[in-house]
Structure formats: structure tokens, C-alpha cells
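Data block below; observations after.
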Amino acid sequence: MSGSSTRHGLLYAAGMIAMLGITVPGEAAPSSAAHASAPPKSSPVKAPAGKPSERTPFTAGDAAEARPDGLKGHLRIAADDTKAFQALIDDASAASGPWLVLSGGGENGAFAAGLLNGWSKAGNRPDFGIITGVSTGAMIAPFAFLGSGADATLARAYTEISAADVFEFGGTNEALTDTWPLKRRIDRMVTGQLLADIAAEHARGRRLLVATNAVDSERPVLWDMGAIASQGGPKALDLFRSIILASSAVPGVFPPVMIDAVGPDGKHFQEMHADGGTTAPFYLAPEAAILGKADVRLPASTIYLVVNNTVTPDFQMASRTTLSVLGRSMSAAIKAQTRAALALTKSFAERNGLDLDVAQIDDRFTRTTSAPFDQDYMKALFAHGERLGRDGTAFVRGTPAASIPTGSAGDRFGSAEAPRSLARR
């Protein structure tokens, strides 16, 4: 079983506690905190962050019509706008090919990274017409978009890092942690050459789409990363990197990312973007279409959905502390959200005649860990995903039965024989 949602629960809980200024008596900091706070030995120590500058006021109308500063063209849409989404897909000549949808899941992105590597080794990995990514899925998506040639980069990204390569505690007024190590890592991985390669695939009619959450408007934003890459130059490179970082910025835990924008009247201001998983664990189509309230036409026949998480309940005694109670409760909420999203997506696929193939971290993986971004754990999960991808056993048509708890005695829920969560958060 995977423990990513448990850890996300504790991170969300810790973020809320930090923002509210609550002291938790008798609760020591996690043992991994000291390790996470220490940057790699070769890293320069970051200076403490100063007070955030005041934001230039802007309106909902400004936000709706704004564009990224210094760039032109149609680079993004409101992810809940069905008409804009349909126009974006209709403009993609390769959209009739298979789609790949990558969920969030933090370090459990090692599952998707391994799966893609194994799929390449099997020799039957599709040339996806559309790839979407949310949170850790957004970090995987650009390299998945470039095919097997980027597999080695994905492998390194999810097997050679530790918590110190992602965040350190303290340092900002906006979040519990500072993600300057992750930003630096993204800057090294996302190069001008990477953008040129993505632009070439975009010109073939393929689309790479990443979701963020616009904090001010409380709406998801879908970024056309190939269109951004096609612009070229420093502005496009900076924006591309910022979007990847923003899509993984867990609110209150990781700081939001500020993106320079220009309103319709020429006014300059900064938009605040955060984790794309805030509104949904993965992105296939606008919410209204998924719910059956609006129609969209997907030209594809097959959707491959990779859920970098487990969604079944697991028994774990909570301690009588604030973090433990909030963490376990948030874990249950995140798992329930993902199960609901899977069920709705299955119904959407059936209504639209789509084959939905789902891969998730299930009880075939039993490795556990209690530390965030545990390198040994991530290597094991990567190897597990790689094995499933190579053997062709990763995907199940529709919603996997194991993802729906029934409460029966044989279920993992409440079972004394159940595998433990991969992480205690």
C-alpha cells in the first residue's frame, strides 16, 4: 500500500497549524525534519526570506483577461471552461491518439516514473497524443511527453533525491516550508533544449497540459506547455519552470508561486498559483463535463490514468495529538476524494465510449517508510512500477475493484492482516 495520502494529510495539518499559530504541546518535530532542513552538501545556504512585498490589487475581470507578462498567444485556459477546453483539443491534430493522465502523489510519483520506464522496455508504450499532469504528475509529464529518450532522466529524478532536495522547514511567511531546493532542481532539469524538444512535438499536433490552482479566483488553470515552449526565450523558460513548481505547491505547506501577468488595460500584477491537486487529484476534462452537466468531445478512444497513490483505507492507531488526528482525518478525506474522482471518471468514460485503463499503487506493493522522500522507498516503488510496466500488468480497465472499500471482513479496511500504510504521517 502507498502512504502518500497519509503524509499529505500531516503536511496539510501542519500547514494549518503553522498558519493559525497553534503550538502543539508535547509533540516533537518529525525525526526527518532535521534531515529535510539541511541542504545538500554542495548547496549554497539560502538566506532567510524577507517580508513579502505588497501585491498590486486586481479584479476578477483583470484575472479573467490577463496573460503572462512578456508572452503572446493562447497559452492557457480556465480548466473548468468546457468551450475553451473543446477548442484546445480540437486544435490538436494528434488528440485522437491515446491519452496519458498523471495524478499527484508526492514522492509516489516514483510509481509512474518506473511504470513508464518499464513500458518502454516492453516495447509497446504508446505515442500519447495528449498528456496531462497535476502536482508530481506535472513534474513527470514533460519527460513522459518526450518518450523513452527521457526515461533515464525520470529514473534519476525519482530514485536519487531525498527530502533535502525538495524542501526545508521555515524561511517563508507563506508556508511551513521553503521549496528553494526543488526550484533549483527544476531549473537544472528544465532547459532550453527540453523546451525546444517539447515545441517540436507540439508542432506535430500533440499537447502537454499541466494544471495549477489560481488561488485568488479559486479556479483551476490548464496550461498549454507546448505552446509556451514554442515561444522560446528566457520568459518562456521561466514561465515553464514556474508552472511545474506551482503545480506541486501544497497550500500552506509549500509556498505558492507568483506569476507576472498583464491585464487587458496594460496593468501589471502578480497572480498566485498553487498545487493543481487542490481542486482534483488528476485532470482529464472540465468538471462540468466529468459530472455530465456539459458535453465535450474527446477524439481519443483510450485513456491511460496513472494514480500515484493508494485509495483504500488502512488501519493505523492515531495518537491523541493534534497532528495525528488531523493527519489521519485528512488522509481519509484525500482518499475519498480520489475514489470519487475515479468513479466519476469511469462514468464519464462510459458515457463517451472511452476505454479507461487505470494503474494505481495497490497491495502488490507493501514497502513501508516513515520519512518523506525516503530514497530507498522511492527506489523500491520505482522498481515495482517498472516491473508492472514491463510485464503489462499495471493497468485495469475501468475503476479497479480494489479501490472501492466494501467494509467486509476480508477487506484491508479493519483487517488485522492488512498491509500497513507505506508511511505514517
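Every chain in the C-alpha cells has a letter given in the order shown (A, B, ...), and although residue numbers restart at 1 in each chain, ligands are simply numbered from 1 in the order shown.
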
Next on the checklist: Considering only strand (DSSP E) as DSSP defines it on the backbone, what residues of range 232-362 of chain A qualify? List them as an MDAnalysis selection string.
Outcome noted: chainID A and resid 257:262 268:274 302:307 355:360

For range 180-184 of chain A: contacts at 7 Å, only C-alpha atoms, fewer than 4 positions along chain excluded, given as a tab-separated table (two decimals) with N, CA and C atoms, in the first residue's frame:
```tsv
chain	number	residue	atom	x	y	z
A	165	ASP	N	16.43	17.64	-1.07
A	165	ASP	CA	16.41	18.11	-2.45
A	165	ASP	C	15.06	18.73	-2.82
A	166	VAL	N	14.12	18.72	-1.86
A	166	VAL	CA	12.77	19.19	-2.15
A	166	VAL	C	12.40	20.41	-1.32
A	167	PHE	N	12.65	20.37	-0.02
A	167	PHE	CA	12.21	21.48	0.84
A	167	PHE	C	13.08	21.57	2.07
A	188	ARG	N	17.46	23.06	-13.14
A	188	ARG	CA	18.50	22.26	-13.78
A	188	ARG	C	17.93	21.27	-14.79
A	245	LEU	N	6.69	24.13	-10.81
A	245	LEU	CA	6.84	24.34	-9.37
A	245	LEU	C	5.49	24.63	-8.72
```

Item to check | Lys121 in chain A surroundings by only C-alpha atoms, 10 Å radius, close-in-sequence under 5 positions cut, as an NGL selection string | outcome: :A and (115-116 or 148 or 386-387 or 389-391)

Next on the checklist: So that I can see what lies close to Lys235 in chain A, please list as a VMD selection string the residues with an atom at most 9 Å from it, counting only C-alpha atoms and leaving out residues fewer than 5 positions away in the same chain.
Outcome noted: chain A and resid 69 to 71 240

Go ahead and write the residues just picked, C-alpha atoms, as a compact mmCIF listing (two decimals), in the first residue's frame.
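Written file, result10.txt:
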```txt
# COMPACT_ATOMS: atom_id res chain seq x y z
CA ASP A 69 3.83 39.03 -18.93
CA GLY A 70 6.18 39.14 -21.92
CA LEU A 71 4.49 36.34 -23.90
CA PHE A 240 7.52 26.83 -17.86
```

Checklist entry - Which residue out of A:Phe143, A:Phe373, A:Phe382, A:Phe111 has the minimum interatomic distance to Asn309 in chain A when only C-alpha atoms are used? => result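 The closest residue to Asn309 in chain A is A:Phe111.
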
Item to check | Counting only C-alpha atoms, the residue of A:Pro98, A:Gly118, A:Pro256, A:Pro264 that sits nearest Thr179 in chain A | outcome: A:Pro256

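Distance-wise, CA of Gly392 in chain A and CA of Glu201 in chain A end up 26.1 Å apart.
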
Next on the checklist: Could you tell me how far CA of Asn352 in chain A sits from CA of Asp295 in chain A, in Å to one decimal place?
Outcome noted: 9.4 Å

Checklist outcome for this item: Among A:Thr82, A:Pro251, A:Met258, A:Ile130, Arg55 in chain A is approached most closely, using only C-alpha atoms, by A:Met258

Checklist entry - Which residue out of A:Met330, A:Ile243, A:Ala380, A:Ala300 has the minimum interatomic distance to Asp90 in chain A when only C-alpha atoms are used? => result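 Of the candidates, the smallest distance to Asp90 in chain A is held by A:Ala300.
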
At a cut-off of 7 Å, can you tabulate as JSON lines every residue of range 187-219 of chain A near range 268-274 of chain A together with its closest atom pair and the distance in Å to one decimal, using only C-alpha atoms and ordering rows by chain then number?
```
{"residue": "A:Thr212", "atom": "CA", "partner": "A:Ala274", "partner_atom": "CA", "distance": 5.9}
{"residue": "A:Asn213", "atom": "CA", "partner": "A:Ala274", "partner_atom": "CA", "distance": 5.1}
{"residue": "A:Ala214", "atom": "CA", "partner": "A:His273", "partner_atom": "CA", "distance": 4.7}
{"residue": "A:Val215", "atom": "CA", "partner": "A:His273", "partner_atom": "CA", "distance": 5.6}
{"residue": "A:Asp216", "atom": "CA", "partner": "A:Met272", "partner_atom": "CA", "distance": 6.6}
```

Go ahead and save the residues from that selection, with N, CA, C and O atoms, as an mmCIF file, in the first residue's frame.
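As a result, part_4.cif now contains:
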```cif
data_model
loop_
_atom_site.group_PDB
_atom_site.id
_atom_site.type_symbol
_atom_site.label_atom_id
_atom_site.label_comp_id
_atom_site.auth_asym_id
_atom_site.auth_seq_id
_atom_site.Cartn_x
_atom_site.Cartn_y
_atom_site.Cartn_z
ATOM 1 N N THR A 212 -2.700 24.019 -12.650
ATOM 2 C CA THR A 212 -2.405 24.683 -11.380
ATOM 3 C C THR A 212 -3.722 25.198 -10.807
ATOM 4 O O THR A 212 -4.761 25.143 -11.478
ATOM 5 N N ASN A 213 -3.677 25.707 -9.594
ATOM 6 C CA ASN A 213 -4.850 26.316 -8.989
ATOM 7 C C ASN A 213 -4.594 27.806 -8.797
ATOM 8 O O ASN A 213 -3.611 28.192 -8.157
ATOM 9 N N ALA A 214 -5.462 28.648 -9.391
ATOM 10 C CA ALA A 214 -5.349 30.090 -9.201
ATOM 11 C C ALA A 214 -5.940 30.426 -7.836
ATOM 12 O O ALA A 214 -7.159 30.343 -7.638
ATOM 13 N N VAL A 215 -5.084 30.768 -6.893
ATOM 14 C CA VAL A 215 -5.512 30.950 -5.509
ATOM 15 C C VAL A 215 -6.529 32.080 -5.384
ATOM 16 O O VAL A 215 -7.515 31.964 -4.650
ATOM 17 N N ASP A 216 -6.327 33.181 -6.100
ATOM 18 C CA ASP A 216 -7.214 34.341 -5.972
ATOM 19 C C ASP A 216 -8.619 34.062 -6.492
ATOM 20 O O ASP A 216 -9.606 34.481 -5.892
#
```

Checklist entry - Of the candidates A:Ala60, A:Ala78, A:Ala113, A:Ala236, which shows the shortest atom-to-atom distance to Gly192 in chain A, using only C-alpha atoms? => result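 Distance minimum relative to Gly192 in chain A lands on A:Ala236.
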
Next on the checklist: Just to confirm, what's the straight-line distance from CA of Gly276 in chain A to CA of Val325 in chain A in Å (one decimal)?
Outcome noted: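 Value for the CA of Gly276 in chain A-CA of Val325 in chain A distance: 25.2 Å.
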
Next on the checklist: Let me make sure I understand: among A:Ser217, A:Thr153, A:Asn124, A:Thr393, which one has the smallest atom-to-atom distance to Gly61 in chain A if we use only C-alpha atoms?
Outcome noted: A:Ser217

Checklist entry - Quick one: residues within 7 Å of Val396 in chain A, only C-alpha atoms counted, chain neighbours fewer than 5 positions away excluded, as a PyMOL selection string? => result chain A and resi 357-359

Excluding Leu298 in chain A and its own-chain neighbours fewer than 5 positions away, which residues fall within 12 Å of it when counting only C-alpha atoms? Please give them as a compact mmCIF listing (two decimals) with N, CA and C atoms, in the first residue's frame.
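Final output, around_12.txt:
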```txt
# COMPACT_ATOMS: atom_id res chain seq x y z
N THR A 82 -15.60 24.58 -20.47
CA THR A 82 -15.78 23.49 -21.42
C THR A 82 -15.57 23.93 -22.86
N PHE A 85 -11.86 24.39 -23.44
CA PHE A 85 -11.21 23.08 -23.46
C PHE A 85 -11.46 22.39 -24.80
N GLN A 86 -12.70 22.45 -25.28
CA GLN A 86 -13.01 21.80 -26.55
C GLN A 86 -12.21 22.42 -27.69
N ALA A 87 -12.08 23.75 -27.68
CA ALA A 87 -11.31 24.43 -28.72
C ALA A 87 -9.84 24.01 -28.66
N LEU A 88 -9.31 23.88 -27.45
CA LEU A 88 -7.92 23.47 -27.28
C LEU A 88 -7.69 22.06 -27.84
N ILE A 89 -8.60 21.15 -27.54
CA ILE A 89 -8.46 19.77 -28.01
C ILE A 89 -8.69 19.67 -29.51
N ASP A 90 -9.67 20.42 -30.02
CA ASP A 90 -9.95 20.38 -31.46
C ASP A 90 -8.77 20.89 -32.29
N ASP A 91 -7.94 21.73 -31.67
CA ASP A 91 -6.79 22.28 -32.38
C ASP A 91 -5.59 21.33 -32.37
N ALA A 92 -5.72 20.22 -31.64
CA ALA A 92 -4.62 19.26 -31.51
C ALA A 92 -4.86 18.10 -32.47
N SER A 93 -4.12 18.06 -33.56
CA SER A 93 -4.36 17.05 -34.59
C SER A 93 -4.05 15.63 -34.13
N ALA A 94 -3.23 15.50 -33.09
CA ALA A 94 -2.87 14.16 -32.60
C ALA A 94 -3.72 13.72 -31.41
N ALA A 95 -4.77 14.49 -31.09
CA ALA A 95 -5.58 14.20 -29.91
C ALA A 95 -6.38 12.91 -30.03
N SER A 96 -6.44 12.35 -31.23
CA SER A 96 -7.16 11.08 -31.40
C SER A 96 -6.34 9.89 -30.92
N GLY A 97 -5.06 10.12 -30.66
CA GLY A 97 -4.23 9.05 -30.12
C GLY A 97 -4.51 8.83 -28.65
N PRO A 98 -3.89 7.81 -28.03
CA PRO A 98 -4.12 7.56 -26.60
C PRO A 98 -3.72 8.76 -25.76
N TRP A 99 -4.44 8.94 -24.64
CA TRP A 99 -4.13 9.99 -23.68
C TRP A 99 -3.48 9.37 -22.45
N GLY A 129 -1.10 11.18 -27.60
CA GLY A 129 -1.49 12.42 -28.27
C GLY A 129 -1.64 13.57 -27.29
N ILE A 130 -2.16 13.28 -26.10
CA ILE A 130 -2.35 14.27 -25.03
C ILE A 130 -1.79 13.69 -23.74
N LEU A 284 -8.62 15.26 -16.50
CA LEU A 284 -8.95 14.67 -17.79
C LEU A 284 -9.76 15.64 -18.65
N ALA A 285 -10.74 16.31 -18.02
CA ALA A 285 -11.63 17.23 -18.73
C ALA A 285 -12.25 18.16 -17.69
N PRO A 286 -12.92 19.23 -18.12
CA PRO A 286 -13.55 20.14 -17.16
C PRO A 286 -14.55 19.43 -16.25
N ALA A 289 -18.10 18.63 -17.46
CA ALA A 289 -18.17 17.51 -18.41
C ALA A 289 -18.06 16.18 -17.68
N ILE A 290 -17.15 16.09 -16.70
CA ILE A 290 -17.00 14.86 -15.94
C ILE A 290 -18.30 14.52 -15.21
N ILE A 303 -7.91 6.09 -22.72
CA ILE A 303 -7.31 6.96 -21.72
C ILE A 303 -6.54 6.09 -20.73
N PHE A 348 -17.89 9.02 -16.83
CA PHE A 348 -17.64 9.90 -17.98
C PHE A 348 -17.13 9.08 -19.17
N ALA A 349 -16.21 8.17 -18.90
CA ALA A 349 -15.65 7.34 -19.98
C ALA A 349 -16.74 6.46 -20.61
N ARG A 351 -19.99 7.06 -20.73
CA ARG A 351 -20.92 7.90 -21.50
C ARG A 351 -20.34 8.28 -22.84
N ASN A 352 -19.01 8.42 -22.89
CA ASN A 352 -18.37 8.90 -24.10
C ASN A 352 -17.69 7.80 -24.92
N GLY A 353 -17.94 6.55 -24.56
CA GLY A 353 -17.39 5.44 -25.33
C GLY A 353 -15.88 5.35 -25.28
N LEU A 354 -15.28 5.72 -24.14
CA LEU A 354 -13.82 5.69 -23.98
C LEU A 354 -13.40 4.46 -23.19
N ASP A 355 -12.28 3.88 -23.57
CA ASP A 355 -11.67 2.82 -22.77
C ASP A 355 -10.79 3.49 -21.72
```
